[in-house]
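*Asks:* Have a peek at target-v1.txt (compact mmCIF, C-alpha atoms).
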# COMPACT_ATOMS: atom_id res chain seq x y z
CA MET A 6 87.90 -84.15 15.92
CA LYS A 7 84.21 -84.78 15.30
CA ILE A 8 82.58 -82.71 12.60
CA THR A 9 78.92 -82.57 11.74
CA LEU A 10 77.69 -81.21 8.44
CA GLN A 11 74.73 -81.40 6.13
CA VAL A 12 75.77 -83.02 2.87
CA ASN A 13 73.23 -82.95 0.07
CA GLY A 14 70.51 -82.52 2.66
CA GLU A 15 71.61 -85.43 4.88
CA PRO A 16 73.14 -84.87 8.32
CA ARG A 17 76.59 -86.51 8.42
CA GLU A 18 79.18 -86.88 11.14
CA VAL A 19 82.82 -87.69 10.56
CA ASP A 20 85.79 -88.07 12.86
CA VAL A 21 88.86 -86.63 11.12
CA ALA A 22 92.19 -85.03 11.88
CA GLU A 23 92.18 -81.22 12.01
CA ASN A 24 94.37 -81.01 8.92
CA THR A 25 91.91 -82.92 6.71
CA LEU A 26 90.63 -81.09 3.66
CA LEU A 27 86.90 -80.82 2.95
CA VAL A 28 87.42 -82.53 -0.41
CA ASP A 29 88.91 -85.56 1.36
CA VAL A 30 86.02 -85.68 3.82
CA LEU A 31 83.66 -85.85 0.84
CA ARG A 32 85.64 -88.33 -1.22
CA VAL A 33 87.29 -90.54 1.40
CA ASN A 34 85.02 -90.41 4.43
CA LEU A 35 81.69 -90.08 2.67
CA GLY A 36 82.49 -91.83 -0.62
CA LEU A 37 81.22 -88.92 -2.72
CA THR A 38 83.77 -89.21 -5.50
CA GLY A 39 81.92 -87.01 -7.96
CA THR A 40 83.89 -84.07 -6.56
CA HIS A 41 87.29 -84.31 -8.23
CA VAL A 42 90.78 -83.31 -7.19
CA GLY A 43 92.55 -81.86 -10.20
CA CYS A 44 95.43 -79.58 -9.32
CA ASP A 45 95.08 -79.64 -5.51
CA THR A 46 96.39 -76.04 -5.55
CA SER A 47 93.09 -74.11 -5.78
CA GLN A 48 93.52 -73.23 -9.41
CA CYS A 49 91.56 -75.73 -11.52
CA GLY A 50 88.17 -75.74 -9.79
CA ALA A 51 87.48 -79.46 -10.33
CA CYS A 52 86.75 -79.71 -6.59
CA THR A 53 84.10 -76.96 -6.60
CA VAL A 54 81.19 -77.60 -4.23
CA HIS A 55 78.69 -75.25 -2.59
CA LEU A 56 79.45 -74.40 1.03
CA ASP A 57 76.46 -72.67 2.64
CA GLY A 58 75.21 -71.80 -0.82
CA ARG A 59 78.44 -70.44 -2.29
CA ALA A 60 80.80 -72.09 -4.75
CA VAL A 61 84.15 -72.86 -3.12
CA LYS A 62 87.17 -74.98 -3.92
CA ALA A 63 86.94 -77.91 -1.51
CA CYS A 64 90.70 -78.57 -1.77
CA THR A 65 91.28 -75.24 -0.01
CA VAL A 66 88.80 -75.57 2.84
CA LEU A 67 89.78 -77.35 6.04
CA ALA A 68 87.31 -79.88 7.39
CA PRO A 69 86.96 -77.98 10.70
CA GLN A 70 86.04 -74.84 8.76
CA ALA A 71 83.07 -76.75 7.34
CA ASP A 72 81.84 -77.90 10.75
CA GLY A 73 78.14 -77.13 10.98
CA ALA A 74 77.93 -76.08 7.33
CA ASN A 75 75.66 -77.08 4.51
CA VAL A 76 77.50 -78.74 1.63
CA LEU A 77 76.06 -79.42 -1.81
CA THR A 78 78.01 -81.65 -4.21
CA ILE A 79 77.40 -82.83 -7.77
CA GLU A 80 75.68 -85.93 -6.33
CA GLY A 81 73.09 -83.73 -4.63
CA ILE A 82 71.76 -81.67 -7.53
CA GLY A 83 69.96 -84.27 -9.65
CA THR A 84 69.43 -87.95 -10.36
CA PRO A 85 70.10 -89.97 -13.53
CA ASP A 86 66.37 -89.91 -14.22
CA GLU A 87 65.89 -86.31 -13.31
CA LEU A 88 68.96 -84.30 -14.18
CA HIS A 89 69.46 -80.80 -12.84
CA PRO A 90 68.76 -78.30 -15.67
CA MET A 91 72.48 -77.49 -15.79
CA GLN A 92 73.36 -81.18 -16.17
CA ALA A 93 70.72 -81.53 -18.89
CA ALA A 94 72.14 -78.49 -20.69
CA PHE A 95 75.69 -79.87 -20.49
CA ARG A 96 74.41 -83.11 -22.08
CA GLU A 97 72.38 -81.30 -24.70
CA CYS A 98 75.25 -78.99 -25.71
CA HIS A 99 77.92 -81.69 -25.46
CA ALA A 100 79.67 -79.49 -22.91
CA LEU A 101 82.21 -82.10 -21.94
CA GLN A 102 85.03 -83.99 -23.52
CA CYS A 103 86.96 -86.12 -21.01
CA GLY A 104 84.54 -85.05 -18.27
CA PHE A 105 87.06 -84.59 -15.48
CA CYS A 106 86.36 -80.88 -14.95
CA THR A 107 82.60 -81.28 -15.43
CA PRO A 108 81.42 -81.62 -11.80
CA GLY A 109 83.30 -78.47 -10.83
CA MET A 110 82.14 -76.65 -13.96
CA ILE A 111 78.52 -77.51 -13.21
CA MET A 112 78.71 -76.48 -9.55
CA GLN A 113 80.32 -73.15 -10.50
CA ALA A 114 77.84 -72.69 -13.38
CA ILE A 115 74.89 -73.12 -10.99
CA ASP A 116 76.41 -70.50 -8.64
CA LEU A 117 76.88 -68.21 -11.63
CA VAL A 118 73.31 -68.50 -12.86
CA GLU A 119 71.84 -68.19 -9.35
CA ASN A 120 73.90 -65.16 -8.36
CA GLY A 121 74.83 -63.41 -11.60
CA ASP A 122 72.68 -60.99 -13.51
CA GLN A 123 72.89 -60.28 -17.22
CA LEU A 124 74.87 -63.37 -18.07
CA ASP A 125 76.19 -62.75 -21.55
CA ASN A 126 79.01 -64.64 -23.19
CA ALA A 127 81.71 -62.44 -21.65
CA ALA A 128 80.20 -62.64 -18.13
CA ILE A 129 80.02 -66.44 -18.34
CA ARG A 130 83.63 -66.69 -19.49
CA GLU A 131 84.67 -64.31 -16.69
CA GLY A 132 82.63 -66.42 -14.26
CA LEU A 133 84.56 -69.54 -15.26
CA GLU A 134 87.87 -67.89 -14.37
CA GLY A 135 88.44 -70.41 -11.60
CA ASN A 136 87.64 -73.56 -13.60
CA LEU A 137 90.05 -75.10 -16.05
CA CYS A 138 89.19 -77.55 -18.83
CA ARG A 139 92.35 -79.20 -20.07
CA CYS A 140 90.52 -80.44 -23.16
CA THR A 141 89.95 -76.71 -23.81
CA GLY A 142 86.29 -77.47 -24.45
CA TYR A 143 85.09 -74.11 -23.19
CA HIS A 144 82.92 -73.17 -26.15
CA ASN A 145 80.20 -75.72 -25.49
CA ILE A 146 80.43 -75.23 -21.73
CA VAL A 147 79.69 -71.53 -22.22
CA ARG A 148 76.86 -72.44 -24.62
CA ALA A 149 75.30 -74.80 -22.06
CA ILE A 150 75.43 -72.21 -19.28
CA GLN A 151 74.04 -69.57 -21.62
CA SER A 152 71.07 -71.79 -22.46
CA VAL A 153 70.23 -72.25 -18.77
CA ALA A 154 70.68 -68.53 -18.08
CA ASP A 155 68.43 -67.65 -21.03
CA ALA A 156 65.76 -70.11 -19.90
CA GLY A 157 65.67 -68.14 -16.63
CA MET B 12 100.11 -80.50 5.67
CA TYR B 13 101.61 -80.83 9.13
CA PRO B 14 99.19 -81.40 12.02
CA PHE B 15 98.02 -78.47 14.13
CA ASN B 16 95.56 -77.67 16.90
CA TYR B 17 92.42 -75.97 15.64
CA HIS B 18 90.61 -73.22 17.57
CA LYS B 19 87.54 -71.19 16.74
CA PRO B 20 87.15 -68.31 19.22
CA GLU B 21 84.12 -66.03 19.27
CA THR B 22 85.79 -62.80 20.34
CA VAL B 23 88.95 -60.97 19.36
CA ALA B 24 90.10 -61.09 23.01
CA ASP B 25 89.78 -64.89 23.06
CA ALA B 26 91.66 -65.16 19.76
CA VAL B 27 94.55 -63.10 21.13
CA ALA B 28 94.63 -65.17 24.35
CA LEU B 29 94.80 -68.38 22.29
CA PHE B 30 97.58 -66.88 20.19
CA ASN B 31 99.60 -65.95 23.26
CA ASP B 32 99.16 -69.39 24.85
CA ALA B 33 100.29 -71.32 21.78
CA ASP B 34 103.85 -72.14 20.75
CA ASP B 35 103.65 -70.91 17.19
CA ALA B 36 100.13 -69.88 16.28
CA MET B 37 98.73 -68.37 13.11
CA TYR B 38 95.38 -66.71 12.51
CA LEU B 39 93.21 -68.24 9.79
CA SER B 40 90.88 -65.90 7.92
CA GLY B 41 89.57 -66.98 4.49
CA GLY B 42 92.54 -69.29 4.08
CA MET B 43 93.02 -68.63 0.38
CA THR B 44 96.75 -68.10 0.85
CA LEU B 45 97.43 -69.77 4.19
CA ILE B 46 95.91 -73.17 3.37
CA PRO B 47 97.85 -73.62 0.09
CA THR B 48 100.99 -72.47 1.94
CA MET B 49 100.40 -75.06 4.67
CA LYS B 50 99.71 -77.75 2.07
CA GLN B 51 103.14 -77.03 0.60
CA ARG B 52 104.58 -77.19 4.12
CA LEU B 53 105.88 -73.65 3.76
CA ALA B 54 103.95 -72.78 6.90
CA ALA B 55 103.58 -75.13 9.85
CA PRO B 56 101.82 -73.42 12.74
CA THR B 57 101.31 -75.47 15.91
CA ASP B 58 97.93 -73.82 16.34
CA LEU B 59 95.49 -72.42 13.84
CA ILE B 60 93.07 -69.81 15.17
CA ASP B 61 90.04 -69.54 12.89
CA LEU B 62 88.64 -66.00 12.93
CA SER B 63 85.39 -66.89 11.15
CA GLY B 64 83.36 -67.09 14.35
CA ILE B 65 84.11 -63.55 15.52
CA ALA B 66 80.98 -61.48 14.91
CA GLU B 67 82.66 -58.16 15.75
CA MET B 68 84.95 -58.57 12.71
CA THR B 69 82.16 -58.74 10.14
CA GLY B 70 79.86 -56.22 8.60
CA ILE B 71 79.90 -53.25 6.25
CA ASP B 72 79.00 -49.75 7.41
CA VAL B 73 78.55 -47.05 4.80
CA ALA B 74 78.39 -43.35 5.71
CA ALA B 75 78.56 -40.40 3.31
CA ASP B 76 82.24 -39.73 3.96
CA LYS B 77 83.50 -43.11 5.18
CA VAL B 78 83.08 -46.80 4.37
CA THR B 79 84.00 -49.24 7.15
CA VAL B 80 84.54 -52.89 6.28
CA GLY B 81 84.94 -55.59 8.92
CA ALA B 82 88.18 -57.49 8.44
CA PHE B 83 86.43 -60.84 8.00
CA THR B 84 84.30 -59.54 5.11
CA ARG B 85 84.70 -61.79 2.08
CA HIS B 86 85.65 -60.31 -1.30
CA ASN B 87 82.33 -61.16 -2.94
CA ASP B 88 80.44 -59.44 -0.10
CA VAL B 89 82.32 -56.23 -0.90
CA ALA B 90 82.00 -56.75 -4.67
CA THR B 91 78.23 -57.20 -4.49
CA SER B 92 77.42 -54.74 -1.69
CA GLY B 93 74.87 -52.29 -3.09
CA ALA B 94 75.78 -49.68 -0.46
CA ILE B 95 79.50 -49.83 -1.31
CA GLY B 96 78.66 -49.88 -5.02
CA GLU B 97 76.79 -46.62 -4.56
CA THR B 98 79.17 -44.74 -2.24
CA LEU B 99 82.61 -46.19 -3.05
CA PRO B 100 82.16 -48.05 -6.35
CA VAL B 101 85.91 -48.36 -6.94
CA LEU B 102 86.20 -50.66 -3.91
CA ALA B 103 83.40 -52.95 -5.10
CA GLN B 104 84.90 -53.05 -8.58
CA LEU B 105 88.39 -53.83 -7.23
CA ALA B 106 87.05 -56.63 -4.99
CA GLY B 107 85.30 -58.16 -8.01
CA LEU B 108 88.63 -58.40 -9.84
CA ILE B 109 90.34 -60.53 -7.17
CA GLY B 110 91.18 -64.11 -8.14
CA ASP B 111 88.10 -66.01 -9.27
CA ASN B 112 84.54 -66.44 -7.98
CA GLN B 113 85.35 -69.37 -5.69
CA VAL B 114 88.30 -67.48 -4.18
CA ARG B 115 86.16 -64.33 -3.73
CA ASN B 116 83.61 -66.46 -1.87
CA ARG B 117 86.22 -67.37 0.77
CA GLY B 118 88.99 -64.76 0.86
CA THR B 119 88.68 -61.80 3.23
CA ILE B 120 89.91 -58.21 3.16
CA GLY B 121 91.68 -58.49 6.52
CA GLY B 122 93.47 -61.66 5.47
CA SER B 123 94.60 -60.08 2.23
CA LEU B 124 95.97 -56.99 3.98
CA ALA B 125 97.69 -58.90 6.79
CA ASN B 126 99.37 -61.14 4.22
CA SER B 127 100.64 -58.15 2.17
CA ASP B 128 101.19 -60.15 -0.99
CA PRO B 129 103.00 -57.79 -3.39
CA ALA B 130 100.48 -58.63 -6.12
CA ALA B 131 97.26 -58.40 -4.09
CA ASP B 132 94.60 -55.87 -5.09
CA TYR B 133 93.30 -54.50 -1.78
CA PRO B 134 96.62 -52.86 -0.80
CA ALA B 135 96.21 -50.48 -3.77
CA ALA B 136 92.88 -49.36 -2.27
CA VAL B 137 94.29 -48.93 1.23
CA ILE B 138 97.14 -46.79 -0.13
CA GLY B 139 95.25 -44.99 -2.90
CA LEU B 140 92.28 -44.09 -0.71
CA GLY B 141 94.36 -43.38 2.39
CA ALA B 142 92.48 -45.93 4.49
CA THR B 143 93.01 -46.60 8.18
CA VAL B 144 93.64 -50.18 9.30
CA HIS B 145 92.26 -50.89 12.77
CA THR B 146 93.52 -53.66 15.03
CA GLN B 147 92.47 -54.64 18.55
CA GLU B 148 95.13 -52.26 19.83
CA ARG B 149 95.46 -49.26 17.54
CA ALA B 150 94.69 -47.52 14.27
CA ILE B 151 97.40 -47.76 11.62
CA ALA B 152 97.55 -45.25 8.75
CA GLY B 153 97.37 -47.01 5.38
CA ASP B 154 100.61 -45.30 4.32
CA GLU B 155 102.42 -46.92 7.26
CA PHE B 156 100.83 -50.37 7.05
CA PHE B 157 102.75 -52.12 4.25
CA GLN B 158 106.44 -52.38 5.00
CA ASP B 159 108.03 -54.94 2.71
CA LEU B 160 107.44 -58.24 0.92
CA PHE B 161 104.77 -60.02 3.03
CA GLU B 162 105.65 -57.64 5.85
CA THR B 163 103.28 -55.22 7.57
CA ALA B 164 103.24 -52.97 10.63
CA LEU B 165 101.32 -55.69 12.50
CA GLN B 166 103.01 -57.03 15.63
CA PRO B 167 102.83 -60.74 16.57
CA GLY B 168 99.32 -61.51 17.80
CA GLU B 169 97.84 -58.31 16.39
CA ILE B 170 94.61 -58.80 14.42
CA VAL B 171 93.20 -56.52 11.74
CA THR B 172 89.62 -55.94 12.90
CA ARG B 173 88.27 -53.39 10.43
CA ILE B 174 89.32 -51.02 7.68
CA GLU B 175 88.04 -47.46 7.24
CA PHE B 176 88.07 -45.99 3.75
CA PRO B 177 87.53 -42.24 3.29
CA VAL B 178 85.15 -41.59 0.36
CA PRO B 179 86.86 -39.61 -2.43
CA THR B 180 85.16 -37.29 -4.91
CA ARG B 181 85.95 -39.88 -7.57
CA ALA B 182 88.37 -42.77 -8.04
CA ALA B 183 89.32 -45.52 -10.48
CA TYR B 184 91.35 -48.74 -10.39
CA ARG B 185 92.99 -50.52 -13.28
CA LYS B 186 95.15 -53.60 -13.17
CA PHE B 187 97.11 -55.72 -15.57
CA PRO B 188 96.19 -59.20 -14.35
CA ASN B 189 98.46 -62.18 -14.62
CA PRO B 190 96.61 -64.18 -17.27
CA ALA B 191 96.69 -67.37 -15.19
CA SER B 192 96.36 -66.33 -11.55
CA ARG B 193 94.59 -62.95 -11.97
CA TYR B 194 96.98 -61.47 -9.43
CA ALA B 195 97.96 -57.90 -10.35
CA VAL B 196 101.21 -57.78 -12.29
CA VAL B 197 100.63 -54.08 -11.71
CA GLY B 198 97.53 -52.33 -10.35
CA VAL B 199 97.02 -48.59 -9.98
CA LEU B 200 94.29 -46.83 -8.01
CA ILE B 201 93.88 -43.08 -8.51
CA ALA B 202 91.65 -41.12 -6.14
CA ASP B 203 90.61 -37.49 -6.29
CA PHE B 204 89.79 -35.91 -2.91
CA ASN B 205 88.45 -32.48 -3.89
CA GLY B 206 91.41 -31.88 -6.19
CA ALA B 207 94.03 -33.62 -4.04
CA ILE B 208 95.22 -36.69 -5.94
CA ARG B 209 96.45 -39.93 -4.40
CA VAL B 210 97.96 -42.78 -6.42
CA GLY B 211 98.29 -46.26 -4.92
CA VAL B 212 100.33 -48.88 -6.77
CA THR B 213 100.35 -52.62 -6.17
CA GLY B 214 102.22 -55.42 -7.94
CA ALA B 215 105.20 -53.32 -8.98
CA GLY B 216 107.30 -53.27 -5.81
CA PRO B 217 107.83 -55.55 -2.78
CA CYS B 218 104.67 -54.03 -1.27
CA ALA B 219 102.05 -51.48 -2.24
CA PHE B 220 103.19 -47.85 -2.23
CA ARG B 221 102.19 -44.28 -3.14
CA ALA B 222 103.50 -43.13 -6.50
CA SER B 223 104.54 -39.67 -5.34
CA GLY B 224 106.05 -38.76 -8.72
CA LEU B 225 102.73 -39.39 -10.45
CA GLU B 226 100.80 -37.61 -7.69
CA GLU B 227 102.97 -34.52 -8.11
CA VAL B 228 102.32 -34.34 -11.83
CA LEU B 229 98.59 -35.08 -11.55
CA ASN B 230 98.13 -32.51 -8.80
CA GLN B 231 99.40 -29.92 -11.30
CA ASN B 232 97.49 -31.23 -14.27
CA LEU B 233 94.85 -33.95 -14.05
CA ASP B 234 95.27 -35.06 -17.64
CA PRO B 235 96.41 -38.42 -19.07
CA GLU B 236 98.71 -36.47 -21.40
CA ALA B 237 100.56 -35.13 -18.35
CA LEU B 238 101.71 -38.67 -17.55
CA GLU B 239 103.62 -38.98 -20.81
CA GLY B 240 106.81 -37.27 -19.68
CA VAL B 241 106.92 -38.81 -16.19
CA GLU B 242 109.70 -41.23 -15.40
CA VAL B 243 108.73 -44.14 -13.15
CA PRO B 244 112.02 -45.39 -11.67
CA ASP B 245 112.15 -49.19 -11.56
CA ALA B 246 114.76 -49.39 -8.78
CA GLY B 247 113.68 -52.05 -6.27
CA PHE B 248 110.75 -53.21 -8.42
CA ASN B 249 109.88 -56.91 -8.63
CA SER B 250 111.44 -58.86 -11.44
CA ASP B 251 110.29 -62.42 -12.06
CA LEU B 252 109.18 -64.78 -14.80
CA HIS B 253 105.97 -62.77 -15.23
CA ALA B 254 107.53 -59.36 -15.82
CA SER B 255 110.84 -57.55 -15.51
CA ALA B 256 111.22 -54.51 -13.26
CA GLU B 257 111.50 -52.31 -16.34
CA TYR B 258 108.25 -53.69 -17.78
CA ARG B 259 106.46 -53.23 -14.46
CA ALA B 260 107.58 -49.58 -14.39
CA HIS B 261 106.14 -49.19 -17.87
CA LEU B 262 102.90 -50.85 -16.76
CA VAL B 263 102.57 -48.40 -13.85
CA LYS B 264 102.25 -45.58 -16.37
CA VAL B 265 99.90 -47.51 -18.65
CA MET B 266 97.60 -48.55 -15.80
CA ALA B 267 97.72 -45.00 -14.37
CA ARG B 268 96.67 -43.58 -17.74
CA ARG B 269 93.80 -46.07 -18.04
CA ALA B 270 92.67 -45.42 -14.47
CA LEU B 271 92.81 -41.68 -15.09
CA ASN B 272 90.74 -42.04 -18.26
CA ASP B 273 88.14 -43.97 -16.24
CA LEU B 274 88.23 -41.40 -13.46
CA LEU B 275 87.70 -38.49 -15.87
CA SER B 276 84.99 -40.18 -17.94
Would you encode the structure as structure tokens?
*Replies:*
Amino acid sequence: MKITLQVNGEPREVDVAENTLLVDVLRVNLGLTGTHVGCDTSQCGACTVHLDGRAVKACTVLAPQADGANVLTIEGIGTPDELHPMQAAFRECHALQCGFCTPGMIMQAIDLVENGDQLDNAAIREGLEGNLCRCTGYHNIVRAIQSVADAG
Amino acid sequence: MYPFNYHKPETVADAVALFNDADDAMYLSGGMTLIPTMKQRLAAPTDLIDLSGIAEMTGIDVAADKVTVGAFTRHNDVATSGAIGETLPVLAQLAGLIGDNQVRNRGTIGGSLANSDPAADYPAAVIGLGATVHTQERAIAGDEFFQDLFETALQPGEIVTRIEFPVPTRAAYRKFPNPASRYAVVGVLIADFNGAIRVGVTGAGPCAFRASGLEEVLNQNLDPEALEGVEVPDAGFNSDLHASAEYRAHLVKVMARRALNDLLS
């Protein structure tokens, strides 16, 4: 079936089978491989993107469900010359080790800062419930998000 | 995932017609359980009927004595609803404890109830608050809705359209979350309706249920101390790698005591 969606501000059209996952549309059809597939069972959050402004796990959204939607991926938030403040904070705080979980962490962190109020350490850790870092590098991730939240 | 035909009707009547015309259809709500189940090939519907386009199944209506939530309402919409937070804060708090943020952004109350996962949170609210589950055909009392493991009073083709929660004088919910999945190993919701106490328990048994033994004691004496001597029988309770039946029975009392402390504070 034909699906049209806005991806990082660009209108895109893909022709996929009904049982295609949104994450595969992004990675395979559109070549946006910044969104990662970690567990493929909606637990690890590496595939987190924004669907109509909300953080979702793209491995658990069917392509037809995203028809007509607005999708924002890690590729759409900044450029190498002009990083998104969350990307800059992750670099500054060394909030990554192997980097595999980072795109999902950043997309969830942006949702958290945009929609959460009073983001203290505990609220940030609670907000990262759905994102796993197998390097267990949470401390600096929390620090990076805190710095963006504090900067308002 | 096996192939399927995808449909996105705009009315409940159209959804039911599509269901009846298909060989082996399933309704898709938020998809937070159904899509992983289909990916594992544990479900293979011939037709998937997406309920997200049905306007009549969305929306939150708050009155002084009743909160009505459309079945397609996502968990985060309940968790962050100012009106629910003011009138029925226990429901907003419970919704905010489901899964994780990404799951709460997709999962819906109707999907959760229709699935009747033994460890889901919302069933504790439906039972504990004595809610009414509405479908396109009838109103089902919360006490009658959950029947067994993943089994409800819903008939094939029946769609949960909205849920009505009576507003109690006060209420509290406490759960012992599985540390990985955040599902409730045990969750207990206690509600006080002008002195009449209801206790809804999720996670412990095959489906959510009223803890009549605890209600009896608390109706006599609304005091955490009163729970000390109560026996919670573990017959029929779930026993798995997360917790034995005996431990779940113990947790029912612990979560009830914590919920009661919250309710009284």
*Asks:* Show me, as JSON lines, the residues of chain B having an atom within 8 Å of chain A, each with the closest atom pair and its distance in Å, using only C-alpha atoms.
*Replies:*
{"residue": "B:Met12", "atom": "CA", "partner": "A:Asn24", "partner_atom": "CA", "distance": 6.6}
{"residue": "B:Tyr13", "atom": "CA", "partner": "A:Asn24", "partner_atom": "CA", "distance": 7.2}
{"residue": "B:Pro14", "atom": "CA", "partner": "A:Asn24", "partner_atom": "CA", "distance": 5.7}
{"residue": "B:Phe15", "atom": "CA", "partner": "A:Glu23", "partner_atom": "CA", "distance": 6.8}
{"residue": "B:Asn16", "atom": "CA", "partner": "A:Glu23", "partner_atom": "CA", "distance": 6.9}
{"residue": "B:Tyr17", "atom": "CA", "partner": "A:Glu23", "partner_atom": "CA", "distance": 6.4}
{"residue": "B:Gly42", "atom": "CA", "partner": "A:Thr65", "partner_atom": "CA", "distance": 7.3}
{"residue": "B:Met43", "atom": "CA", "partner": "A:Thr65", "partner_atom": "CA", "distance": 6.8}
{"residue": "B:Ile46", "atom": "CA", "partner": "A:Thr65", "partner_atom": "CA", "distance": 6.1}
{"residue": "B:Pro47", "atom": "CA", "partner": "A:Thr46", "partner_atom": "CA", "distance": 6.3}
{"residue": "B:Asp61", "atom": "CA", "partner": "A:Gln70", "partner_atom": "CA", "distance": 7.8}
{"residue": "B:Gly110", "atom": "CA", "partner": "A:Gly135", "partner_atom": "CA", "distance": 7.7}
{"residue": "B:Asp111", "atom": "CA", "partner": "A:Gly135", "partner_atom": "CA", "distance": 5.0}
{"residue": "B:Asn112", "atom": "CA", "partner": "A:Gly132", "partner_atom": "CA", "distance": 6.6}
{"residue": "B:Gln113", "atom": "CA", "partner": "A:Val61", "partner_atom": "CA", "distance": 4.5}
{"residue": "B:Val114", "atom": "CA", "partner": "A:Val61", "partner_atom": "CA", "distance": 6.9}
{"residue": "B:Asn116", "atom": "CA", "partner": "A:Arg59", "partner_atom": "CA", "distance": 6.5}
{"residue": "B:Arg117", "atom": "CA", "partner": "A:Val61", "partner_atom": "CA", "distance": 7.0}
{"residue": "B:Ser192", "atom": "CA", "partner": "A:Gln48", "partner_atom": "CA", "distance": 7.8}
*Asks:* Give me, as an mmCIF file with C-alpha atoms, in the coordinates of the input, all polymer residues having an atom no more than 10 Å from range 252-259 of chain B, counting only C-alpha atoms and skipping those fewer than 3 positions away in the same chain.
*Replies:*
data_model
loop_
_atom_site.group_PDB
_atom_site.id
_atom_site.type_symbol
_atom_site.label_atom_id
_atom_site.label_comp_id
_atom_site.auth_asym_id
_atom_site.auth_seq_id
_atom_site.Cartn_x
_atom_site.Cartn_y
_atom_site.Cartn_z
ATOM 1 C CA PHE B 187 97.110 -55.720 -15.570
ATOM 2 C CA ASN B 189 98.460 -62.180 -14.620
ATOM 3 C CA PRO B 190 96.610 -64.180 -17.270
ATOM 4 C CA VAL B 196 101.210 -57.780 -12.290
ATOM 5 C CA VAL B 197 100.630 -54.080 -11.710
ATOM 6 C CA GLY B 198 97.530 -52.330 -10.350
ATOM 7 C CA GLY B 214 102.220 -55.420 -7.940
ATOM 8 C CA ALA B 215 105.200 -53.320 -8.980
ATOM 9 C CA GLY B 216 107.300 -53.270 -5.810
ATOM 10 C CA VAL B 243 108.730 -44.140 -13.150
ATOM 11 C CA PRO B 244 112.020 -45.390 -11.670
ATOM 12 C CA ASP B 245 112.150 -49.190 -11.560
ATOM 13 C CA ALA B 246 114.760 -49.390 -8.780
ATOM 14 C CA GLY B 247 113.680 -52.050 -6.270
ATOM 15 C CA PHE B 248 110.750 -53.210 -8.420
ATOM 16 C CA ASN B 249 109.880 -56.910 -8.630
ATOM 17 C CA LEU B 262 102.900 -50.850 -16.760
ATOM 18 C CA VAL B 263 102.570 -48.400 -13.850
ATOM 19 C CA LYS B 264 102.250 -45.580 -16.370
ATOM 20 C CA VAL B 265 99.900 -47.510 -18.650
#
*Asks:* At what distance in Å, to one decimal, does CA of Leu271 in chain B lie from CA of Glu242 in chain B?
*Replies:*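 So the two atoms, CA of Glu242 in chain B and CA of Leu271 in chain B, lie 16.9 Å apart.
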*Asks:* Place a sphere of radius 12 Å on (67.1, -67.7, -9.3) in the file coordinates and name every protein, DNA or RNA residue with an atom inside or on its surface, counting all atoms listed in the file; give the answer as a PyMOL selection string.
*Replies:* chain A and resi 115-122+153-157
*Asks:* Hey, can you pull every residue with an atom no more than 9 Å from (77.3, -71.9, 5.5), using all atoms listed in the file, and send it as JSON, numbers by chain?
*Replies:* {"A": [55, 56, 57, 58, 59, 71, 73, 74, 75, 76]}
